[in-house]
$ cat run-v1.txt   # compact mmCIF, N, CA and C atoms
# COMPACT_ATOMS: atom_id res chain seq x y z
N MET A 871 80.83 77.61 69.63
CA MET A 871 82.06 78.37 69.63
C MET A 871 82.39 78.77 68.20
N ASP A 872 82.41 80.05 67.94
CA ASP A 872 82.64 80.56 66.60
C ASP A 872 84.00 81.23 66.54
N ILE A 873 84.88 80.64 65.76
CA ILE A 873 86.25 81.17 65.65
C ILE A 873 86.40 81.80 64.27
N GLN A 874 86.79 83.02 64.23
CA GLN A 874 87.03 83.73 62.99
C GLN A 874 88.53 83.72 62.69
N ALA A 875 88.91 83.29 61.51
CA ALA A 875 90.31 83.32 61.10
C ALA A 875 90.62 84.71 60.57
N GLU A 876 91.71 85.25 61.02
CA GLU A 876 92.13 86.57 60.57
C GLU A 876 93.41 86.45 59.76
N LYS A 877 93.47 87.22 58.71
CA LYS A 877 94.64 87.20 57.84
C LYS A 877 95.62 88.27 58.27
N CYS A 878 96.89 87.90 58.39
CA CYS A 878 97.93 88.88 58.68
C CYS A 878 98.26 89.62 57.39
N SER A 879 98.53 90.89 57.48
CA SER A 879 98.80 91.67 56.27
C SER A 879 100.20 91.39 55.75
N LEU A 880 100.33 91.49 54.43
CA LEU A 880 101.62 91.26 53.77
C LEU A 880 102.05 92.50 52.99
N GLN A 881 101.65 93.66 53.45
CA GLN A 881 101.93 94.85 52.68
C GLN A 881 103.41 95.22 52.66
N ASP A 882 104.12 94.98 53.73
CA ASP A 882 105.54 95.33 53.74
C ASP A 882 106.44 94.11 53.53
N ARG A 883 105.88 93.01 53.08
CA ARG A 883 106.60 91.78 52.75
C ARG A 883 107.40 91.23 53.93
N THR A 884 106.85 91.31 55.13
CA THR A 884 107.50 90.72 56.28
C THR A 884 106.76 89.44 56.66
N ILE A 885 107.51 88.49 57.15
CA ILE A 885 106.95 87.22 57.58
C ILE A 885 106.73 87.30 59.08
N SER A 886 105.46 87.34 59.48
CA SER A 886 105.15 87.49 60.90
C SER A 886 104.75 86.18 61.55
N VAL A 887 104.50 85.15 60.78
CA VAL A 887 104.12 83.84 61.32
C VAL A 887 105.19 82.83 60.93
N GLY A 888 105.88 82.28 61.91
CA GLY A 888 106.88 81.26 61.65
C GLY A 888 108.24 81.83 61.29
N PRO A 889 109.18 80.92 61.01
CA PRO A 889 110.55 81.34 60.69
C PRO A 889 110.65 81.94 59.29
N PRO A 890 111.70 82.72 59.04
CA PRO A 890 111.86 83.33 57.71
C PRO A 890 112.38 82.36 56.65
N LYS A 891 112.63 81.13 57.02
CA LYS A 891 113.10 80.11 56.08
C LYS A 891 112.02 79.05 55.93
N ILE A 892 112.11 78.28 54.86
CA ILE A 892 111.19 77.17 54.66
C ILE A 892 111.60 76.05 55.63
N THR A 893 110.62 75.47 56.31
CA THR A 893 110.93 74.41 57.26
C THR A 893 111.06 73.08 56.52
N ARG A 894 111.65 72.10 57.16
CA ARG A 894 111.82 70.79 56.53
C ARG A 894 110.47 70.12 56.27
N PHE A 895 109.49 70.43 57.09
CA PHE A 895 108.16 69.85 56.90
C PHE A 895 107.46 70.48 55.70
N GLU A 896 107.62 71.79 55.53
CA GLU A 896 107.06 72.46 54.36
C GLU A 896 107.75 71.98 53.09
N LYS A 897 109.06 71.81 53.16
CA LYS A 897 109.81 71.33 52.00
C LYS A 897 109.35 69.94 51.59
N ALA A 898 109.17 69.05 52.57
CA ALA A 898 108.72 67.69 52.27
C ALA A 898 107.33 67.71 51.66
N ARG A 899 106.45 68.54 52.18
CA ARG A 899 105.09 68.63 51.65
C ARG A 899 105.07 69.17 50.23
N ILE A 900 105.88 70.19 49.96
CA ILE A 900 105.93 70.79 48.63
C ILE A 900 106.53 69.82 47.62
N VAL A 901 107.63 69.18 47.99
CA VAL A 901 108.27 68.23 47.07
C VAL A 901 107.34 67.06 46.78
N GLY A 902 106.67 66.55 47.80
CA GLY A 902 105.75 65.44 47.59
C GLY A 902 104.58 65.81 46.70
N ALA A 903 104.00 66.98 46.94
CA ALA A 903 102.86 67.41 46.13
C ALA A 903 103.28 67.67 44.68
N ARG A 904 104.42 68.29 44.50
CA ARG A 904 104.89 68.59 43.15
C ARG A 904 105.30 67.31 42.42
N ALA A 905 105.91 66.34 43.12
CA ALA A 905 106.28 65.07 42.50
C ALA A 905 105.03 64.32 42.04
N LEU A 906 103.95 64.39 42.82
CA LEU A 906 102.70 63.76 42.43
C LEU A 906 102.14 64.43 41.18
N GLN A 907 102.20 65.76 41.13
CA GLN A 907 101.73 66.47 39.94
C GLN A 907 102.53 66.06 38.70
N ILE A 908 103.85 65.96 38.85
CA ILE A 908 104.71 65.58 37.73
C ILE A 908 104.41 64.16 37.27
N SER A 909 104.22 63.25 38.23
CA SER A 909 103.94 61.87 37.86
C SER A 909 102.58 61.72 37.19
N MET A 910 101.66 62.67 37.43
CA MET A 910 100.34 62.64 36.79
C MET A 910 100.33 63.40 35.46
N GLY A 911 101.47 63.90 35.03
CA GLY A 911 101.57 64.51 33.70
C GLY A 911 101.66 66.02 33.66
N ALA A 912 101.88 66.68 34.80
CA ALA A 912 102.02 68.14 34.80
C ALA A 912 103.31 68.53 34.07
N PRO A 913 103.32 69.71 33.44
CA PRO A 913 104.54 70.13 32.74
C PRO A 913 105.70 70.37 33.71
N ILE A 914 106.89 70.02 33.27
CA ILE A 914 108.10 70.18 34.09
C ILE A 914 108.66 71.57 33.82
N LEU A 915 109.01 72.28 34.89
CA LEU A 915 109.44 73.68 34.78
C LEU A 915 110.95 73.86 34.67
N VAL A 916 111.73 72.79 34.81
CA VAL A 916 113.18 72.87 34.67
C VAL A 916 113.64 71.88 33.61
N ASP A 917 114.88 72.01 33.18
CA ASP A 917 115.44 71.05 32.24
C ASP A 917 115.71 69.75 32.99
N ALA A 918 115.03 68.69 32.61
CA ALA A 918 115.13 67.42 33.33
C ALA A 918 115.90 66.38 32.52
N ALA A 919 117.00 66.79 31.93
CA ALA A 919 117.76 65.86 31.10
C ALA A 919 118.36 64.73 31.92
N GLU A 920 118.95 65.05 33.06
CA GLU A 920 119.59 64.00 33.86
C GLU A 920 118.66 63.44 34.94
N ASN A 921 117.60 64.15 35.25
CA ASN A 921 116.66 63.69 36.28
C ASN A 921 115.46 63.00 35.62
N THR A 922 115.21 61.77 36.03
CA THR A 922 114.04 61.06 35.50
C THR A 922 113.06 60.72 36.61
N ASN A 923 113.48 60.83 37.85
CA ASN A 923 112.63 60.56 39.00
C ASN A 923 111.81 61.81 39.31
N PRO A 924 110.47 61.68 39.48
CA PRO A 924 109.66 62.87 39.78
C PRO A 924 110.09 63.60 41.05
N ILE A 925 110.58 62.88 42.03
CA ILE A 925 111.03 63.53 43.27
C ILE A 925 112.27 64.38 43.01
N ASP A 926 113.21 63.87 42.23
CA ASP A 926 114.41 64.64 41.90
C ASP A 926 114.07 65.88 41.08
N ILE A 927 113.11 65.75 40.18
CA ILE A 927 112.68 66.89 39.38
C ILE A 927 112.03 67.94 40.27
N ALA A 928 111.19 67.49 41.22
CA ALA A 928 110.52 68.42 42.14
C ALA A 928 111.53 69.15 43.02
N VAL A 929 112.56 68.45 43.47
CA VAL A 929 113.60 69.08 44.29
C VAL A 929 114.36 70.10 43.44
N SER A 930 114.64 69.77 42.19
CA SER A 930 115.32 70.72 41.29
C SER A 930 114.49 71.97 41.08
N GLU A 931 113.18 71.81 40.90
CA GLU A 931 112.31 72.97 40.73
C GLU A 931 112.27 73.82 41.99
N LEU A 932 112.23 73.17 43.15
CA LEU A 932 112.21 73.92 44.41
C LEU A 932 113.52 74.68 44.61
N ASP A 933 114.64 74.03 44.32
CA ASP A 933 115.94 74.70 44.47
C ASP A 933 116.10 75.86 43.49
N ALA A 934 115.51 75.73 42.31
CA ALA A 934 115.59 76.80 41.32
C ALA A 934 114.71 77.99 41.69
N GLY A 935 113.74 77.76 42.57
CA GLY A 935 112.88 78.85 43.03
C GLY A 935 111.84 79.29 42.02
N ILE A 936 111.39 78.39 41.17
CA ILE A 936 110.44 78.77 40.13
C ILE A 936 109.04 78.22 40.36
N LEU A 937 108.80 77.59 41.48
CA LEU A 937 107.47 77.05 41.75
C LEU A 937 106.53 78.16 42.20
N PRO A 938 105.38 78.30 41.56
CA PRO A 938 104.41 79.33 41.96
C PRO A 938 103.50 78.82 43.08
N ILE A 939 104.07 78.60 44.24
CA ILE A 939 103.34 78.02 45.37
C ILE A 939 103.33 79.01 46.52
N THR A 940 102.21 79.05 47.24
CA THR A 940 102.07 79.88 48.43
C THR A 940 101.85 78.99 49.62
N ILE A 941 102.58 79.26 50.70
CA ILE A 941 102.47 78.49 51.94
C ILE A 941 101.57 79.25 52.91
N ARG A 942 100.62 78.56 53.51
CA ARG A 942 99.77 79.17 54.53
C ARG A 942 100.24 78.67 55.90
N ARG A 943 100.73 79.62 56.70
CA ARG A 943 101.14 79.31 58.07
C ARG A 943 100.05 79.79 59.02
N THR A 944 99.59 78.89 59.87
CA THR A 944 98.47 79.17 60.76
C THR A 944 98.92 79.09 62.21
N LEU A 945 98.43 80.01 63.02
CA LEU A 945 98.67 80.00 64.47
C LEU A 945 97.49 79.35 65.17
N PRO A 946 97.69 78.87 66.41
CA PRO A 946 96.59 78.22 67.14
C PRO A 946 95.37 79.12 67.36
N ASP A 947 95.54 80.43 67.37
CA ASP A 947 94.38 81.31 67.59
C ASP A 947 93.58 81.56 66.32
N GLY A 948 93.98 80.95 65.21
CA GLY A 948 93.23 81.06 63.97
C GLY A 948 93.78 82.06 62.97
N THR A 949 94.72 82.89 63.38
CA THR A 949 95.31 83.83 62.43
C THR A 949 96.26 83.06 61.50
N PHE A 950 96.37 83.55 60.30
CA PHE A 950 97.24 82.89 59.34
C PHE A 950 97.90 83.92 58.45
N GLN A 951 98.94 83.46 57.75
CA GLN A 951 99.64 84.31 56.80
C GLN A 951 99.95 83.47 55.57
N ASP A 952 99.60 83.96 54.41
CA ASP A 952 99.93 83.32 53.15
C ASP A 952 101.26 83.90 52.67
N ILE A 953 102.26 83.04 52.51
CA ILE A 953 103.60 83.48 52.15
C ILE A 953 104.01 82.85 50.82
N PRO A 954 104.30 83.66 49.80
CA PRO A 954 104.79 83.09 48.54
C PRO A 954 106.13 82.39 48.77
N LEU A 955 106.33 81.29 48.07
CA LEU A 955 107.53 80.49 48.25
C LEU A 955 108.79 81.28 47.93
N LYS A 956 108.71 82.23 47.01
CA LYS A 956 109.89 83.00 46.63
C LYS A 956 110.36 83.95 47.72
N TRP A 957 109.51 84.24 48.73
CA TRP A 957 109.94 85.09 49.86
C TRP A 957 110.77 84.31 50.85
N LEU A 958 110.66 82.99 50.87
CA LEU A 958 111.39 82.17 51.84
C LEU A 958 112.73 81.76 51.26
N SER A 959 113.75 81.78 52.08
CA SER A 959 115.08 81.40 51.60
C SER A 959 115.39 79.96 51.91

$ encode --input "run-v1.txt" --output "structure tokens"
Amino acid sequence: MDIQAEKCSLQDRTISVGPPKITRFEKARIVGARALQISMGAPILVDAAENTNPIDIAVSELDAGILPITIRRTLPDGTFQDIPLKWLS
């Protein structure tokens, strides 16, 4: 059984796979991955004067909307859409 994944086009900047907002599961995954990067020594993208916990810093970066991350949403038939984080509210 050979399944070919097809990419949905993003030419008109519409989100055709999933909701137009970031889901709680995507948020948890992004915050966890970014907190791990910060704890391993990645540069911090926001002013972290009051935040010393990597999770709090990651949440601050996500809320500021400055993370250069793309989310891939996949449907059961194999089609997917890569959505930049800044497109999601």

$ atom_distance --input "run-v1.txt" --atom1 "atom C of Pro954 in chain A" --atom2 "atom N of Thr940 in chain A"
5.4 Å

$ atom_distance --input "run-v1.txt" --atom1 "atom C of Leu906 in chain A" --atom2 "atom N of Ile941 in chain A"
17.6 Å

$ select_by_dssp --input "run-v1.txt" --residues "range 899-959 of chain A" --states "helix (DSSP H, G or I)" --output "PyMOL selection string"
chain A and resi 899-909+924-934+955-957

$ write_last_selection --input "run-v1.txt" --atoms "N, CA and C atoms" --output "PDB file, in the coordinates of the input"
ATOM      1  N   ARG A 899     106.450  68.540  52.180  1.00  0.00           N
ATOM      2  CA  ARG A 899     105.090  68.630  51.650  1.00  0.00           C
ATOM      3  C   ARG A 899     105.070  69.170  50.230  1.00  0.00           C
ATOM      4  N   ILE A 900     105.880  70.190  49.960  1.00  0.00           N
ATOM      5  CA  ILE A 900     105.930  70.790  48.630  1.00  0.00           C
ATOM      6  C   ILE A 900     106.530  69.820  47.620  1.00  0.00           C
ATOM      7  N   VAL A 901     107.630  69.180  47.990  1.00  0.00           N
ATOM      8  CA  VAL A 901     108.270  68.230  47.070  1.00  0.00           C
ATOM      9  C   VAL A 901     107.340  67.060  46.780  1.00  0.00           C
ATOM     10  N   GLY A 902     106.670  66.550  47.800  1.00  0.00           N
ATOM     11  CA  GLY A 902     105.750  65.440  47.590  1.00  0.00           C
ATOM     12  C   GLY A 902     104.580  65.810  46.700  1.00  0.00           C
ATOM     13  N   ALA A 903     104.000  66.980  46.940  1.00  0.00           N
ATOM     14  CA  ALA A 903     102.860  67.410  46.130  1.00  0.00           C
ATOM     15  C   ALA A 903     103.280  67.670  44.680  1.00  0.00           C
ATOM     16  N   ARG A 904     104.420  68.290  44.500  1.00  0.00           N
ATOM     17  CA  ARG A 904     104.890  68.590  43.150  1.00  0.00           C
ATOM     18  C   ARG A 904     105.300  67.310  42.420  1.00  0.00           C
ATOM     19  N   ALA A 905     105.910  66.340  43.120  1.00  0.00           N
ATOM     20  CA  ALA A 905     106.280  65.070  42.500  1.00  0.00           C
ATOM     21  C   ALA A 905     105.030  64.320  42.040  1.00  0.00           C
ATOM     22  N   LEU A 906     103.950  64.390  42.820  1.00  0.00           N
ATOM     23  CA  LEU A 906     102.700  63.760  42.430  1.00  0.00           C
ATOM     24  C   LEU A 906     102.140  64.430  41.180  1.00  0.00           C
ATOM     25  N   GLN A 907     102.200  65.760  41.130  1.00  0.00           N
ATOM     26  CA  GLN A 907     101.730  66.470  39.940  1.00  0.00           C
ATOM     27  C   GLN A 907     102.530  66.060  38.700  1.00  0.00           C
ATOM     28  N   ILE A 908     103.850  65.960  38.850  1.00  0.00           N
ATOM     29  CA  ILE A 908     104.710  65.580  37.730  1.00  0.00           C
ATOM     30  C   ILE A 908     104.410  64.160  37.270  1.00  0.00           C
ATOM     31  N   SER A 909     104.220  63.250  38.230  1.00  0.00           N
ATOM     32  CA  SER A 909     103.940  61.870  37.860  1.00  0.00           C
ATOM     33  C   SER A 909     102.580  61.720  37.190  1.00  0.00           C
ATOM     34  N   PRO A 924     110.470  61.680  39.480  1.00  0.00           N
ATOM     35  CA  PRO A 924     109.660  62.870  39.780  1.00  0.00           C
ATOM     36  C   PRO A 924     110.090  63.600  41.050  1.00  0.00           C
ATOM     37  N   ILE A 925     110.580  62.880  42.030  1.00  0.00           N
ATOM     38  CA  ILE A 925     111.030  63.530  43.270  1.00  0.00           C
ATOM     39  C   ILE A 925     112.270  64.380  43.010  1.00  0.00           C
ATOM     40  N   ASP A 926     113.210  63.870  42.230  1.00  0.00           N
ATOM     41  CA  ASP A 926     114.410  64.640  41.900  1.00  0.00           C
ATOM     42  C   ASP A 926     114.070  65.880  41.080  1.00  0.00           C
ATOM     43  N   ILE A 927     113.110  65.750  40.180  1.00  0.00           N
ATOM     44  CA  ILE A 927     112.680  66.890  39.380  1.00  0.00           C
ATOM     45  C   ILE A 927     112.030  67.940  40.270  1.00  0.00           C
ATOM     46  N   ALA A 928     111.190  67.490  41.220  1.00  0.00           N
ATOM     47  CA  ALA A 928     110.520  68.420  42.140  1.00  0.00           C
ATOM     48  C   ALA A 928     111.530  69.150  43.020  1.00  0.00           C
ATOM     49  N   VAL A 929     112.560  68.450  43.470  1.00  0.00           N
ATOM     50  CA  VAL A 929     113.600  69.080  44.290  1.00  0.00           C
ATOM     51  C   VAL A 929     114.360  70.100  43.440  1.00  0.00           C
ATOM     52  N   SER A 930     114.640  69.770  42.190  1.00  0.00           N
ATOM     53  CA  SER A 930     115.320  70.720  41.290  1.00  0.00           C
ATOM     54  C   SER A 930     114.490  71.970  41.080  1.00  0.00           C
ATOM     55  N   GLU A 931     113.180  71.810  40.900  1.00  0.00           N
ATOM     56  CA  GLU A 931     112.310  72.970  40.730  1.00  0.00           C
ATOM     57  C   GLU A 931     112.270  73.820  41.990  1.00  0.00           C
ATOM     58  N   LEU A 932     112.230  73.170  43.150  1.00  0.00           N
ATOM     59  CA  LEU A 932     112.210  73.920  44.410  1.00  0.00           C
ATOM     60  C   LEU A 932     113.520  74.680  44.610  1.00  0.00           C
ATOM     61  N   ASP A 933     114.640  74.030  44.320  1.00  0.00           N
ATOM     62  CA  ASP A 933     115.940  74.700  44.470  1.00  0.00           C
ATOM     63  C   ASP A 933     116.100  75.860  43.490  1.00  0.00           C
ATOM     64  N   ALA A 934     115.510  75.730  42.310  1.00  0.00           N
ATOM     65  CA  ALA A 934     115.590  76.800  41.320  1.00  0.00           C
ATOM     66  C   ALA A 934     114.710  77.990  41.690  1.00  0.00           C
ATOM     67  N   LEU A 955     106.330  81.290  48.070  1.00  0.00           N
ATOM     68  CA  LEU A 955     107.530  80.490  48.250  1.00  0.00           C
ATOM     69  C   LEU A 955     108.790  81.280  47.930  1.00  0.00           C
ATOM     70  N   LYS A 956     108.710  82.230  47.010  1.00  0.00           N
ATOM     71  CA  LYS A 956     109.890  83.000  46.630  1.00  0.00           C
ATOM     72  C   LYS A 956     110.360  83.950  47.720  1.00  0.00           C
ATOM     73  N   TRP A 957     109.510  84.240  48.730  1.00  0.00           N
ATOM     74  CA  TRP A 957     109.940  85.090  49.860  1.00  0.00           C
ATOM     75  C   TRP A 957     110.770  84.310  50.850  1.00  0.00           C
TER      76      TRP A 957
END

$ residues_around --input "run-v1.txt" --residues "range 893-898 of chain A" --least-positions-apart "4" --cutoff "8 Å" --atoms "all atoms listed in the file" --output "ChimeraX atom specification"
/A:889,902-904,941,959

$ residues_around --input "run-v1.txt" --residues "Ile936 in chain A" --least-positions-apart "5" --cutoff "8 Å" --atoms "all atoms listed in the file" --output "PyMOL selection string"
chain A and resi 915+930-931+955-956

$ select_by_dssp --input "run-v1.txt" --residues "chain A" --states "strand (DSSP E)" --output "PDB file with N, CA and C atoms, keeping the file's coordinate frame"
ATOM      1  N   THR A 940     102.210  79.050  47.240  1.00  0.00           N
ATOM      2  CA  THR A 940     102.070  79.880  48.430  1.00  0.00           C
ATOM      3  C   THR A 940     101.850  78.990  49.620  1.00  0.00           C
ATOM      4  N   ILE A 941     102.580  79.260  50.700  1.00  0.00           N
ATOM      5  CA  ILE A 941     102.470  78.490  51.940  1.00  0.00           C
ATOM      6  C   ILE A 941     101.570  79.250  52.910  1.00  0.00           C
ATOM      7  N   ARG A 942     100.620  78.560  53.510  1.00  0.00           N
ATOM      8  CA  ARG A 942      99.770  79.170  54.530  1.00  0.00           C
ATOM      9  C   ARG A 942     100.240  78.670  55.900  1.00  0.00           C
ATOM     10  N   ARG A 943     100.730  79.620  56.700  1.00  0.00           N
ATOM     11  CA  ARG A 943     101.140  79.310  58.070  1.00  0.00           C
ATOM     12  C   ARG A 943     100.050  79.790  59.020  1.00  0.00           C
ATOM     13  N   THR A 944      99.590  78.890  59.870  1.00  0.00           N
ATOM     14  CA  THR A 944      98.470  79.170  60.760  1.00  0.00           C
ATOM     15  C   THR A 944      98.920  79.090  62.210  1.00  0.00           C
ATOM     16  N   PHE A 950      96.370  83.550  60.300  1.00  0.00           N
ATOM     17  CA  PHE A 950      97.240  82.890  59.340  1.00  0.00           C
ATOM     18  C   PHE A 950      97.900  83.920  58.450  1.00  0.00           C
ATOM     19  N   GLN A 951      98.940  83.460  57.750  1.00  0.00           N
ATOM     20  CA  GLN A 951      99.640  84.310  56.800  1.00  0.00           C
ATOM     21  C   GLN A 951      99.950  83.470  55.570  1.00  0.00           C
ATOM     22  N   ASP A 952      99.600  83.960  54.410  1.00  0.00           N
ATOM     23  CA  ASP A 952      99.930  83.320  53.150  1.00  0.00           C
ATOM     24  C   ASP A 952     101.260  83.900  52.670  1.00  0.00           C
ATOM     25  N   ILE A 953     102.260  83.040  52.510  1.00  0.00           N
ATOM     26  CA  ILE A 953     103.600  83.480  52.150  1.00  0.00           C
ATOM     27  C   ILE A 953     104.010  82.850  50.820  1.00  0.00           C
ATOM     28  N   PRO A 954     104.300  83.660  49.800  1.00  0.00           N
ATOM     29  CA  PRO A 954     104.790  83.090  48.540  1.00  0.00           C
ATOM     30  C   PRO A 954     106.130  82.390  48.770  1.00  0.00           C
TER      31      PRO A 954
END

$ atom_distance --input "run-v1.txt" --atom1 "atom C of Gly888 in chain A" --atom2 "atom N of Val929 in chain A"
22.7 Å

$ closest_residue --input "run-v1.txt" --among "A:Ile908, A:Ile885, A:Arg899, A:Gly935" --to "Ile953 in chain A" --atoms "only N, CA and C atoms"
A:Ile885

$ closest_residue --input "run-v1.txt" --among "A:Ser886, A:Ala905, A:Ile939, A:Met910" --to "Asn923 in chain A" --atoms "only N, CA and C atoms"
A:Ala905

$ axis_aligned_box --input "run-v1.txt" --around "range 883-893 of chain A" --padding-each-side "3 Å" --output "AutoDock Vina command-line options"
--center_x 108.6 --center_y 83.0 --center_z 57.3 --size_x 15.0 --size_y 25.9 --size_z 15.2
